[in-house]
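Participant: Got a structure here, written out as structure tokens. Questions coming.
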Amino acid sequence: MNLVLFEDAMRHIARISRIIEAPGGHALLVGVGGSGKQSLARLATFVSGYSTFQVVITARYSVNDLKADLQVMYRKAGLKAEGISFIFTDQQIADERFLVFMNDLLSSGNIPGLFASEDMDDIINSVRPAVKRAGLADTRGSCWEYFIQQVVANLHVILCFSPIGDPIKVRTRRFPALVNCVVIDWFQPWPEEALISVSNRFLVDVDLGDQEARNAVTNFMPYSFLAVNEKSEDYARMERRFNYTTPKSFLELIALYKSMLADRRKQTDTAITRLSNGVLKLESTAKSVGQLEDDLKIKSVEVEEKKAACDAMIPKLEEEKAKATEEAAKANVIAADATQKEIGVKELKAGIEKDLAAAEPALVKASAALDGLDKKDLGELKSLGKPPAGVDDVTGAVMYMLHPSGKGKIDTSWKAAQIMMKDVNAFLNTLMGYKDRIDAGTVPKNNFKLLEPLVEKEWFNVDTMRKKSNAAAGLCDFVLNIKVYWDINENVEPMRLKALEATETLENAIAAKTAALDAKARAEATVAELTSQFNAAVKEKEDVIAEANMCERKLGLAQRLINALSSEGARWKQGIEDLNSTLDLLVGDVLLAAAFVSYIGCFNKRFRLDLMNNVFLPYMKGHASGASFTTLKNAVALPMSEGADPLKILTNDAEIASWNNESLPSDKVSVQNGAIVTNCARWPLMIDPQLQGIKWIKKHEEDGLKVCRLGQKSTLQVIGSGIENGSPVLIENIQLQVDAVLNPVIGRQTVKRGRNLVVKLGDKEIDYSPKFRLYLQTKLANPHYPPEIQAETTLVNFMVTEDGLEDQLLSLTVSKERPDLSQQATALLMQQNAFKIKIKELEDGILMQLATAEGDVTENIELIENLEDSKRVSIDVAEKMVIAKETQIKIEKASELYRPVANRGSLMFFLLSDLFKIHSFHHYSLASFNIVFERAVTGKRPNALEWDSEAAMKEILPEKKRESFCDALLAAEAAAAAAAGGDDIDLDALQTRLNFLVDRITFNVFGYARRGLLEKHKLIVATMLMLRVKQRMGQIPADEAEYLTTGRALPNPPQMTTK
């Protein structure tokens, strides 16, 4: 607990400690809610070494739950001898039957029926050993008595009750032990020294400027608290309305001041930063204009130079292109010729390859024949003395083939054949390499001519020879196939020679083609290089042109930006200066606003003005007087704005305009109420008998607002859902007491669980969203809420004010008498409010766009166009606002002619509102009064059927009065018709109409009220009406009228005359 232990607090701790440390000691702490009873009780319990116990009230907490909690405490105190402080508050009395148990607990400690018989047996058996050790008889009665004695010695009740209202009186009469069996400790209001010490303690970490300003702020806290207490007493005495300020309220003021000061400083710093960013962007743009102009001149010269260079390169480039074209044409002709020759050579080679491929099978067969030759067979063949017939032809053919020259006489005898085959291996190798000799061209052509006759012989074939000799068959096969190969090869030879010539020609053509292509490539390279140089020059020219265009565009955009926001720059600079000056004044301005939000809400207009002008502001300016507080001695002028107005700190014109669009009346008190509701830290509790506040809240929070009432089954579910989801919740039509289960929510008693905040709602904990908002509303016209509720909430008096009602009645009157004016005024009001909101949004939008713009602002076309559009719309709206104001003045001037009618209506309603001072059952709703007022203006009941006015007059008025009344009515209707004729108003006729309406409103309202008055009160009401009318007309001084109605003596009575 974060406590400041001033002297009175320590005295209370000492008293409570002495009380609970005595056997059977119980305490009754009597003091208004928020005075620290529970906190000091917990601290005293800790000092005494006891544990604290408090019941947790839920929606279903009943007598049985209380009995269960008492059983737990009894077991701990009686069986374990554990010291317990049972803290019980009047807010936890969910059922008056709870006090029956508390009365028995305090008087004797023995609560009949608390334990079931089996539980009593368990307890008796548990204490029996202790009873024996104490030397007592261990009978059932003795054991139970010993248990109760232990409970009385260890269980101490600390009752925390409020002295306000009748409940404590009734309860102490019904249950005497609440007084007779306790020690009473009265918690008086905190002394001024205690308030100062607490203020010093909680403001020590806040930057309040110099020491003088810190002392002034610290002393203002107790001063305002005590001054509001005095004004609350005057308020109760004069208006019979009750307002309580408790130490809890005092602490809430300090907390609100700290948070509000931090928020306003942050907002001011943010606003200064935004304006500074806007000014810096404008100044940098203005500086860049001259530089951009110089750059543009330089770029223009560079552009001309680059153009001239490019133009000079064009003739040379064209000449080289012509050369390259000529070389390309030559190369193309040569390349085409070479290509044709290449095609012919390829075709020729393909034919040769085809013919050679045809000889390949014969060659394969010849190789196969050689492979088939066996050395043994050859050996046998050569060993023959005389070969078989035909074999010598085969060997002769072989000898012809192998002859090196093919000339002369060739010996083909068998003997020569045997010599040829002498070395079989060499012979075979010679045959194997014969094909290569043919391919190499070393075989004489004559060799094959010589063997032609042999081959043509009939028996020169493989089959015939195989019958004679395998070796002769193989040689025969080889000769036949190699001859085929020779014949094909001999035919291909000319083609091969031709191919060689063609290849040589092709190579020459390819060389010429290569030379031509090289020349073409050189020419093209020259052209490419020149083209590259030209393109580079052109690119440089285009880049310079692009830079010049960009520079020109940036210059244009910069000028557009300056033209668009030039008027804003000066205003933003002035705004920065004003905001910087207000930073030092926030200490006083926010202090006034915090006191306004914390204390003013419950009072009516008269007391609000009195508190602001005669209590708060004089002290803050350093010249307060008229109060008995010691802090007055330390009154020092605080740094604050000239003509400080809390509304300037709490809201702005655009927000007020949006409230008016949401049906909040535009009078000063209603606007103050709206500012209090939207800025208070404690949940607002609206005193709203005319339902103006709830109508505004439902529109103000229309997105996601959840509405419920106490007593509904779904109330806790709705509130829990709102707390978890961060949705606003409105509890409407509450009475004088609030369900105790809602105390943690109303008191914002959140607990940190890991990273999340939770709040207790009934018997479960719910995640608490920081976006959650709770609104409380009552229809009671004069509720008397206990200090406990007022300490946890911010009371806001939404009762209609005389000025506000007068404006409403004026609007109603004009709508009936001059509907044309009413429609114009309504449309104009909506338009003006929309204009104020639009102007604020546009300015914020301009600053936001400038603040979030990245890079060079003059390159952001979209940003500048948006800024121009915003500025254009802003100027258009400002012009329309001027026109609208002129029109509004004309409309107000015409409407003000009906002000006397609205003034009399407002006077009559507040006369009815004060009748509760005569008797508590005199209460009149604004809705019913409006019906009476409208009927008086129009002459008929709203939304009623047509009725016979002549018959009604006969019933209401005597004949003589009826005739005069009807004449006046006809004259008034004629005047109304004349007044509604247009701009040319007959003032005499209008005045006649107004006088008639004033009289009829007075008569009708008095007749409406007279029906419910006791006979003895009718004359009093008539007298009050006469005095108020005379006072309003200035015929009776206000102090004399007050003396005649209330009997209060004048502060400065006139001297008695001699007469």
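To be explicit about the labels: the chains of the structure tokens are called A, B, and onward in the order shown, and within each one the residues are counted from 1, while ligands get numbers from 1 in the order they are shown.
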Within 7 Å of Thr89 in chain A, counting only C-alpha atoms, which residues qualify if same-chain residues fewer than 6 places away don't, as JSON, numbers by chain?

Facilitator: {"A": [159, 160, 161]}

Participant: Enumerate as JSON, numbers by chain all residues of range 680-757 of chain A assigned to strand (DSSP E or B) by DSSP on the backbone, naming them with the chain letters and numbers the document uses.

Facilitator: {"A": [683, 684, 685, 686, 687, 706, 707, 708, 728, 729, 730, 731, 750, 751, 752, 753, 756, 757]}

Participant: Take CA of Gln38 in chain A and CA of Leu106 in chain A and report the distance between them in Å, one decimal.

Facilitator: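 According to the coordinates, CA of Gln38 in chain A and CA of Leu106 in chain A are separated by 18.9 Å.
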
Participant: Do you have the CA of Arg1011 in chain A-CA of Asp803 in chain A distance handy?

Facilitator: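 Result for CA of Arg1011 in chain A versus CA of Asp803 in chain A: 27.3 Å, one decimal.
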
Participant: Could you name the residues that touch Asp8 in chain A at 10 Å or less, counting only C-alpha atoms, but leaving out those on the same chain fewer than 6 positions away, as a compact mmCIF listing (two decimals) with N, CA, C and O atoms, in the first residue's frame?

Facilitator:
```
# COMPACT_ATOMS: atom_id res chain seq x y z
N ALA A 14 -2.68 3.18 15.95
CA ALA A 14 -2.43 2.81 17.34
C ALA A 14 -3.72 2.39 18.04
O ALA A 14 -3.76 1.40 18.79
N PHE A 187 -13.46 8.52 12.40
CA PHE A 187 -12.51 9.07 11.42
C PHE A 187 -13.01 10.45 11.00
O PHE A 187 -13.91 10.58 10.18
N GLN A 188 -12.45 11.45 11.60
CA GLN A 188 -12.81 12.81 11.26
C GLN A 188 -12.18 13.20 9.93
O GLN A 188 -11.25 12.55 9.45
N PRO A 189 -12.68 14.27 9.33
CA PRO A 189 -12.04 14.73 8.08
C PRO A 189 -10.55 14.96 8.29
O PRO A 189 -10.12 15.42 9.34
N TRP A 190 -9.79 14.70 7.26
CA TRP A 190 -8.35 14.87 7.37
C TRP A 190 -8.01 16.33 7.68
O TRP A 190 -8.57 17.24 7.04
N PRO A 191 -7.14 16.57 8.60
CA PRO A 191 -6.75 17.95 8.88
C PRO A 191 -5.95 18.53 7.73
O PRO A 191 -5.40 17.80 6.89
N GLU A 193 -3.07 19.89 7.69
CA GLU A 193 -1.66 19.49 7.69
C GLU A 193 -1.49 18.12 7.03
O GLU A 193 -0.51 17.88 6.30
N ALA A 194 -2.44 17.23 7.29
CA ALA A 194 -2.38 15.90 6.67
C ALA A 194 -2.53 16.01 5.15
O ALA A 194 -1.83 15.34 4.38
```

Participant: Residues within 12 Å of Phe147 in chain A, please, as a VMD selection string. Count only C-alpha atoms; anything in the same chain fewer than 5 positions from it doesn't count.

Facilitator: chain A and resid 74 to 81 109 to 110 120 to 131 138 140 to 142 152 to 155
